[in-house]
$ cat input-v3.txt   # compact mmCIF, C-alpha atoms
# COMPACT_ATOMS: atom_id res chain seq x y z
CA MET A 1 71.48 -77.40 2.99
CA ALA A 2 74.99 -78.27 4.11
CA ASN A 3 77.80 -77.81 1.60
CA SER A 4 79.11 -81.29 0.69
CA SER A 5 82.70 -79.97 0.52
CA ARG A 6 82.52 -79.19 4.25
CA ARG A 7 82.48 -82.89 5.15
CA ARG A 8 86.22 -82.90 4.57
CA ARG A 9 86.69 -79.98 6.98
CA ARG A 10 87.38 -80.83 10.61
CA ILE A 11 86.94 -78.09 13.21
CA LEU A 12 88.04 -77.98 16.86
CA VAL A 13 85.66 -76.02 19.11
CA VAL A 14 87.19 -74.90 22.43
CA ASP A 15 84.88 -73.44 25.11
CA ASP A 16 84.55 -74.10 28.85
CA ASP A 17 80.77 -73.55 28.79
CA ALA A 18 79.43 -77.03 28.03
CA SER A 19 76.03 -75.91 26.76
CA TYR A 20 77.54 -73.25 24.49
CA ARG A 21 80.28 -75.60 23.29
CA GLU A 22 77.80 -78.31 22.35
CA ALA A 23 75.43 -75.83 20.71
CA VAL A 24 78.22 -74.53 18.47
CA ALA A 25 79.38 -78.08 17.70
CA GLU A 26 75.88 -79.25 16.79
CA GLY A 27 75.27 -76.17 14.66
CA LEU A 28 78.49 -76.77 12.71
CA LYS A 29 77.67 -80.46 12.28
CA LYS A 30 74.31 -79.51 10.78
CA GLU A 31 76.22 -77.30 8.35
CA GLY A 32 78.20 -80.34 7.25
CA PHE A 33 81.46 -79.92 9.18
CA SER A 34 83.21 -82.63 11.19
CA VAL A 35 83.63 -81.33 14.76
CA ASP A 36 85.67 -82.17 17.84
CA VAL A 37 85.49 -80.28 21.16
CA ALA A 38 87.66 -79.34 24.14
CA SER A 39 86.70 -77.70 27.42
CA ASP A 40 89.97 -75.97 28.31
CA GLY A 41 93.31 -74.89 26.89
CA ARG A 42 95.32 -77.95 27.85
CA ARG A 43 92.78 -80.36 26.33
CA ALA A 44 92.65 -78.17 23.23
CA LEU A 45 96.41 -78.35 22.75
CA ASP A 46 96.39 -82.12 23.33
CA ARG A 47 93.57 -82.60 20.79
CA PHE A 48 95.38 -80.42 18.29
CA ALA A 49 98.61 -82.38 18.71
CA GLU A 50 96.81 -85.70 18.27
CA SER A 51 94.73 -84.91 15.19
CA ILE A 52 94.63 -82.79 12.05
CA PHE A 53 92.15 -79.89 12.06
CA ASP A 54 91.20 -77.45 9.32
CA ALA A 55 90.13 -74.66 11.70
CA VAL A 56 89.95 -73.85 15.41
CA ILE A 57 87.17 -71.90 17.13
CA LEU A 58 88.68 -70.76 20.40
CA ASP A 59 87.04 -69.03 23.36
CA LEU A 60 89.03 -66.13 24.77
CA ARG A 61 88.30 -66.97 28.42
CA LEU A 62 89.33 -70.47 29.46
CA PRO A 63 89.69 -71.83 33.03
CA ASP A 64 93.31 -72.97 32.86
CA MET A 65 94.97 -70.49 30.51
CA PRO A 66 94.02 -67.49 28.34
CA GLY A 67 92.64 -68.33 24.93
CA THR A 68 95.27 -65.99 23.49
CA GLU A 69 98.01 -68.26 24.89
CA VAL A 70 96.39 -71.28 23.26
CA CYS A 71 96.15 -69.30 20.03
CA GLN A 72 99.84 -68.43 20.19
CA LYS A 73 100.89 -72.04 20.83
CA ILE A 74 98.77 -73.35 17.96
CA ARG A 75 100.06 -70.65 15.64
CA GLN A 76 103.66 -71.57 16.46
CA ALA A 77 102.95 -75.10 15.23
CA SER A 78 100.44 -74.55 12.44
CA ASP A 79 98.99 -72.08 9.93
CA VAL A 80 95.46 -73.41 10.53
CA PRO A 81 92.71 -70.71 10.62
CA ILE A 82 91.90 -69.63 14.20
CA LEU A 83 88.69 -67.78 15.06
CA MET A 84 88.59 -66.25 18.54
CA LEU A 85 85.21 -66.37 20.26
CA SER A 86 84.34 -64.00 23.11
CA ALA A 87 81.64 -62.01 24.84
CA SER A 88 84.20 -59.22 25.23
CA ALA A 89 84.45 -56.51 22.60
CA GLU A 90 87.32 -54.70 24.33
CA GLU A 91 89.76 -53.31 21.77
CA ILE A 92 92.77 -54.70 23.67
CA ASP A 93 91.32 -58.24 23.39
CA VAL A 94 90.68 -57.84 19.67
CA VAL A 95 94.12 -56.36 18.99
CA LEU A 96 95.96 -58.97 21.08
CA SER A 97 94.11 -61.82 19.39
CA PHE A 98 95.10 -60.62 15.94
CA GLU A 99 98.64 -59.89 17.10
CA LEU A 100 99.06 -63.48 18.32
CA GLY A 101 97.88 -64.96 15.04
CA ALA A 102 94.08 -65.18 15.10
CA ASP A 103 92.38 -64.90 11.72
CA ASP A 104 89.11 -63.48 13.02
CA TYR A 105 87.33 -62.38 16.19
CA VAL A 106 83.67 -63.27 16.66
CA ASN A 107 81.49 -61.81 19.40
CA LYS A 108 79.10 -63.83 21.55
CA PRO A 109 76.24 -64.39 21.26
CA LEU A 110 77.01 -65.54 17.75
CA ARG A 111 74.75 -66.32 14.82
CA MET A 112 75.51 -69.64 13.18
CA ARG A 113 75.21 -68.32 9.63
CA GLU A 114 77.69 -65.55 10.44
CA LEU A 115 80.11 -68.01 12.06
CA VAL A 116 79.97 -70.31 9.03
CA ALA A 117 80.51 -67.34 6.71
CA ARG A 118 83.57 -66.29 8.72
CA ILE A 119 84.95 -69.84 8.68
CA GLU A 120 84.53 -70.00 4.91
CA ALA A 121 86.22 -66.58 4.60
CA ALA A 122 89.18 -67.88 6.64
CA PHE A 123 89.49 -70.86 4.29
CA ARG A 124 89.39 -68.56 1.26
CA HIS A 125 92.07 -66.38 2.80
CA ARG A 126 94.31 -69.40 3.29
CA ARG A 127 93.96 -70.25 -0.41
CA HIS A 128 94.63 -66.62 -1.29
CA ALA A 129 97.71 -66.52 0.95
CA SER A 130 99.07 -69.65 -0.72
CA SER A 131 98.58 -68.11 -4.14
CA PHE A 132 100.19 -64.90 -2.91
CA ASP A 133 103.25 -66.83 -1.70
CA LYS A 134 103.59 -68.65 -5.02
CA LEU A 135 103.39 -65.44 -7.04
CA ALA A 136 105.44 -63.24 -4.71
CA HIS A 137 108.75 -64.15 -6.33
CA VAL A 138 107.73 -62.48 -9.61
CA ARG A 139 107.54 -59.09 -7.87
CA GLU A 140 110.62 -57.00 -7.33
CA ASP A 141 111.54 -55.70 -3.89
CA LEU A 142 110.16 -52.23 -3.27
CA LYS A 143 111.69 -49.19 -1.59
CA ILE A 144 109.30 -46.44 -0.43
CA GLY A 145 110.60 -43.72 1.86
CA PRO A 146 112.01 -45.46 4.95
CA LEU A 147 110.47 -48.82 4.01
CA SER A 148 112.07 -51.71 2.14
CA ILE A 149 109.55 -54.43 1.22
CA SER A 150 110.56 -57.91 0.06
CA PHE A 151 107.56 -59.70 -1.43
CA ASP A 152 109.47 -62.96 -1.85
CA ALA A 153 110.76 -63.12 1.74
CA ARG A 154 107.63 -61.40 3.12
CA THR A 155 109.78 -59.03 5.16
CA VAL A 156 109.74 -55.30 5.81
CA ASP A 157 112.59 -53.09 7.02
CA ARG A 158 112.29 -49.52 8.23
CA ASN A 159 115.54 -47.56 7.97
CA GLY A 160 117.41 -50.87 7.94
CA GLU A 161 115.64 -52.34 10.98
CA ALA A 162 113.33 -55.34 10.63
CA VAL A 163 109.64 -54.67 11.25
CA PRO A 164 107.77 -57.73 12.64
CA LEU A 165 104.45 -57.86 10.79
CA SER A 166 101.75 -60.48 11.19
CA ARG A 167 100.61 -62.39 8.10
CA ARG A 168 97.54 -60.18 7.61
CA GLU A 169 99.49 -56.98 8.25
CA PHE A 170 101.99 -57.92 5.56
CA ASP A 171 99.25 -58.87 3.10
CA LEU A 172 97.55 -55.53 3.75
CA LEU A 173 100.78 -53.60 3.17
CA ALA A 174 101.62 -55.70 0.11
CA THR A 175 98.20 -54.98 -1.39
CA LEU A 176 98.68 -51.23 -0.93
CA ALA A 177 102.25 -51.53 -2.25
CA ALA A 178 101.09 -53.26 -5.43
CA ARG A 179 100.31 -49.78 -6.79
CA PRO A 180 101.75 -47.07 -4.51
CA GLY A 181 99.82 -43.83 -4.67
CA ARG A 182 96.64 -45.59 -5.81
CA VAL A 183 93.63 -45.33 -3.50
CA TYR A 184 92.20 -48.70 -2.49
CA SER A 185 88.62 -48.72 -1.25
CA ARG A 186 87.75 -50.50 1.98
CA GLU A 187 85.84 -53.10 -0.04
CA GLU A 188 88.87 -53.75 -2.27
CA LEU A 189 91.14 -54.26 0.73
CA MET A 190 88.69 -56.60 2.43
CA ALA A 191 88.36 -58.60 -0.79
CA ALA A 192 92.13 -58.77 -1.36
CA VAL A 193 93.25 -59.54 2.19
CA TRP A 194 90.21 -61.26 3.76
CA GLN A 195 88.50 -62.56 0.61
CA SER A 196 85.35 -60.83 1.81
CA GLU A 197 82.96 -58.42 0.14
CA SER A 198 82.21 -56.83 3.51
CA SER A 199 83.84 -53.58 4.60
CA ASP A 200 83.92 -54.68 8.25
CA ASP A 201 85.03 -51.52 10.07
CA ARG A 202 86.58 -53.20 13.10
CA THR A 203 88.59 -55.82 11.24
CA LEU A 204 90.12 -53.46 8.69
CA ASP A 205 90.61 -50.54 11.06
CA THR A 206 92.28 -52.74 13.69
CA HIS A 207 94.80 -54.00 11.14
CA ILE A 208 95.42 -50.51 9.72
CA TYR A 209 96.02 -49.31 13.29
CA ARG A 210 98.46 -52.14 14.02
CA LEU A 211 100.28 -51.68 10.69
CA ARG A 212 100.68 -47.95 11.27
CA SER A 213 101.96 -48.51 14.82
CA LYS A 214 104.79 -50.57 13.35
CA ILE A 215 105.81 -48.71 10.19
CA GLU A 216 104.96 -45.05 10.82
CA HIS A 217 107.30 -42.54 12.47
CA ASP A 218 104.24 -41.22 14.32
CA ALA A 219 101.18 -43.47 14.04
CA SER A 220 98.88 -40.67 15.21
CA HIS A 221 99.97 -38.64 12.16
CA PRO A 222 100.45 -41.30 9.47
CA GLU A 223 102.47 -40.39 6.41
CA LEU A 224 102.89 -43.81 4.80
CA VAL A 225 99.47 -45.46 5.02
CA VAL A 226 97.23 -42.48 4.32
CA THR A 227 93.47 -42.29 4.81
CA VAL A 228 91.54 -40.88 1.87
CA ARG A 229 88.39 -39.84 3.66
CA GLY A 230 85.24 -41.42 2.36
CA VAL A 231 87.14 -43.71 -0.02
CA GLY A 232 89.85 -45.85 1.58
CA TYR A 233 93.64 -45.93 1.93
CA LEU A 234 96.79 -45.51 -0.12
CA LEU A 235 100.51 -46.11 0.34
CA ASN A 236 102.20 -42.74 -0.06
CA ASP A 237 104.97 -43.05 -2.64
CA LYS A 238 106.04 -39.39 -2.31
CA ILE A 239 107.40 -39.63 1.22
CA THR A 240 111.12 -39.08 1.80
CA VAL A 241 113.38 -41.09 4.13
CA GLN A 242 112.86 -40.08 7.78
$ encode --input "input-v3.txt" --output "structure tokens"
Amino acid sequence: MANSSRRRRRILVVDDDASYREAVAEGLKKEGFSVDVASDGRRALDRFAESIFDAVILDLRLPDMPGTEVCQKIRQASDVPILMLSASAEEIDVVLSFELGADDYVNKPLRMRELVARIEAAFRHRRHASSFDKLAHVREDLKIGPLSISFDARTVDRNGEAVPLSRREFDLLATLAARPGRVYSREELMAAVWQSESSDDRTLDTHIYRLRSKIEHDASHPELVVTVRGVGYLLNDKITVQ
């Protein structure tokens, strides 16, 4: 049975495959969402500029421009949840999608129940991020080794140089920094950052990888975000300035 609260949610589905696009749209309508569609990147951007959407499901391969470019343009204008949709599971595609602002990456062929669950998770994360922003000002700035973290400004410096983190990367670091030296399980991090009870290996590991590549002196030998094998991760509060 469709959730009645979904009737207020409007979703833009972007895919050049007409049969797939319509199948996804019809499936989401049956789940109670309001749905609009676009067949290419330009039409998607026009639709997005003309109307208000609560989420965008965006195919990675479009005929006129890469889905990642559409994602980037939408993200520059809006904080709306974006779920990338693709038959490709190449790591570079996953990493680039997250780097350009996607909230999730869903492989084709998809299962409707999984897609709906991921959409709902993206909505929960948006609510969580808003709460995080409102409460951030009560937390003092933190200095750990070479890192300076401002929770209020949502900025990170390494040895005085700004580190450009995505929204999820900052939330992940901020969660670990809430109690430096404390081990957070994979499930705890997924719940805190993605509002999910899953310990999705690819999602968490991709973001840990990207975070380390930006804040570590040597990402292949991390000293800040440390893996505790079989448990999870911690932010090392014993490290000295490098």
$ closest_residue --input "input-v3.txt" --among "A:Met190, A:Leu45, A:Leu60, A:Leu12" --to "A:Glu90" --atoms "only C-alpha atoms"
A:Leu60
$ closest_residue --input "input-v3.txt" --among "A:Tyr233, A:Ala177, A:Leu189, A:Val95" --to "A:Thr206" --atoms "only C-alpha atoms"
A:Val95
$ closest_residue --input "input-v3.txt" --among "A:Arg186, A:Arg21, A:Gly27, A:Leu224" --to "A:Leu115" --atoms "only C-alpha atoms"
A:Gly27
$ closest_residue --input "input-v3.txt" --among "A:Leu147, A:Pro81, A:Leu173, A:Val225" --to "A:Arg124" --atoms "all atoms listed in the file"
A:Pro81
$ closest_residue --input "input-v3.txt" --among "A:Asp141, A:Arg202, A:Arg210, A:Asp157" --to "A:Glu169" --atoms "only C-alpha atoms"
A:Arg210
$ atom_distance --input "input-v3.txt" --atom1 "atom CA of A:His125" --atom2 "atom CA of A:Leu204"
14.3 Å
$ atom_distance --input "input-v3.txt" --atom1 "atom CA of A:Ala122" --atom2 "atom CA of A:Leu110"
16.6 Å
$ axis_aligned_box --input "input-v3.txt" --around "stretch 77-81 of chain A" --padding-each-side "8 Å" --output "lines of an AutoDock Vina configuration file"
center_x = 97.8
center_y = -72.9
center_z = 12.6
size_x = 26.2
size_y = 20.4
size_z = 21.3
$ residues_around --input "input-v3.txt" --residues "A:Leu58" --least-positions-apart "4" --cutoff "8 Å" --atoms "all atoms listed in the file" --output "list in words"
Val13, Val14, Asp15, Gly67, Cys71, Ile82, Leu83, Met84 and Leu85 of chain A
$ write_last_selection --input "input-v3.txt" --atoms "C-alpha atoms" --output "compact mmCIF listing (two decimals), in the coordinates of the input"
# COMPACT_ATOMS: atom_id res chain seq x y z
CA VAL A 13 85.66 -76.02 19.11
CA VAL A 14 87.19 -74.90 22.43
CA ASP A 15 84.88 -73.44 25.11
CA GLY A 67 92.64 -68.33 24.93
CA CYS A 71 96.15 -69.30 20.03
CA ILE A 82 91.90 -69.63 14.20
CA LEU A 83 88.69 -67.78 15.06
CA MET A 84 88.59 -66.25 18.54
CA LEU A 85 85.21 -66.37 20.26
$ residues_around --input "input-v3.txt" --residues "A:Asp64" --least-positions-apart "5" --cutoff "12 Å" --atoms "only C-alpha atoms" --output "PDB file with C-alpha atoms, in the coordinates of the input"
ATOM      1  CA  ASP A  15      84.880 -73.440  25.110  1.00  0.00           C
ATOM      2  CA  ASP A  16      84.550 -74.100  28.850  1.00  0.00           C
ATOM      3  CA  SER A  39      86.700 -77.700  27.420  1.00  0.00           C
ATOM      4  CA  ASP A  40      89.970 -75.970  28.310  1.00  0.00           C
ATOM      5  CA  GLY A  41      93.310 -74.890  26.890  1.00  0.00           C
ATOM      6  CA  ARG A  42      95.320 -77.950  27.850  1.00  0.00           C
ATOM      7  CA  ARG A  43      92.780 -80.360  26.330  1.00  0.00           C
ATOM      8  CA  ALA A  44      92.650 -78.170  23.230  1.00  0.00           C
ATOM      9  CA  LEU A  45      96.410 -78.350  22.750  1.00  0.00           C
ATOM     10  CA  GLU A  69      98.010 -68.260  24.890  1.00  0.00           C
ATOM     11  CA  VAL A  70      96.390 -71.280  23.260  1.00  0.00           C
TER      12      VAL A  70
END
$ residues_near_point --input "input-v3.txt" --point "(116.7, -50.7, 6.1)" --cutoff "10 Å" --atoms "only C-alpha atoms" --output "VMD selection string"
chain A and resid 143 146 to 149 156 to 163
$ atom_distance --input "input-v3.txt" --atom1 "atom CA of A:Glu99" --atom2 "atom CA of A:Thr203"
12.3 Å
$ closest_residue --input "input-v3.txt" --among "A:Thr175, A:Gln72, A:Ser86, A:Ser78" --to "A:Asp59" --atoms "all atoms listed in the file"
A:Ser86
$ residues_near_point --input "input-v3.txt" --point "(96.0, -47.7, 6.3)" --cutoff "9 Å" --atoms "all atoms listed in the file" --output "ChimeraX atom specification"
/A:172-173,176,204-205,207-209,211-212,222,224-227,232-235
$ residues_around --input "input-v3.txt" --residues "A:Arg75" --least-positions-apart "5" --cutoff "8 Å" --atoms "only C-alpha atoms" --output "JSON, numbers by chain"
{"A": [80, 100, 101]}
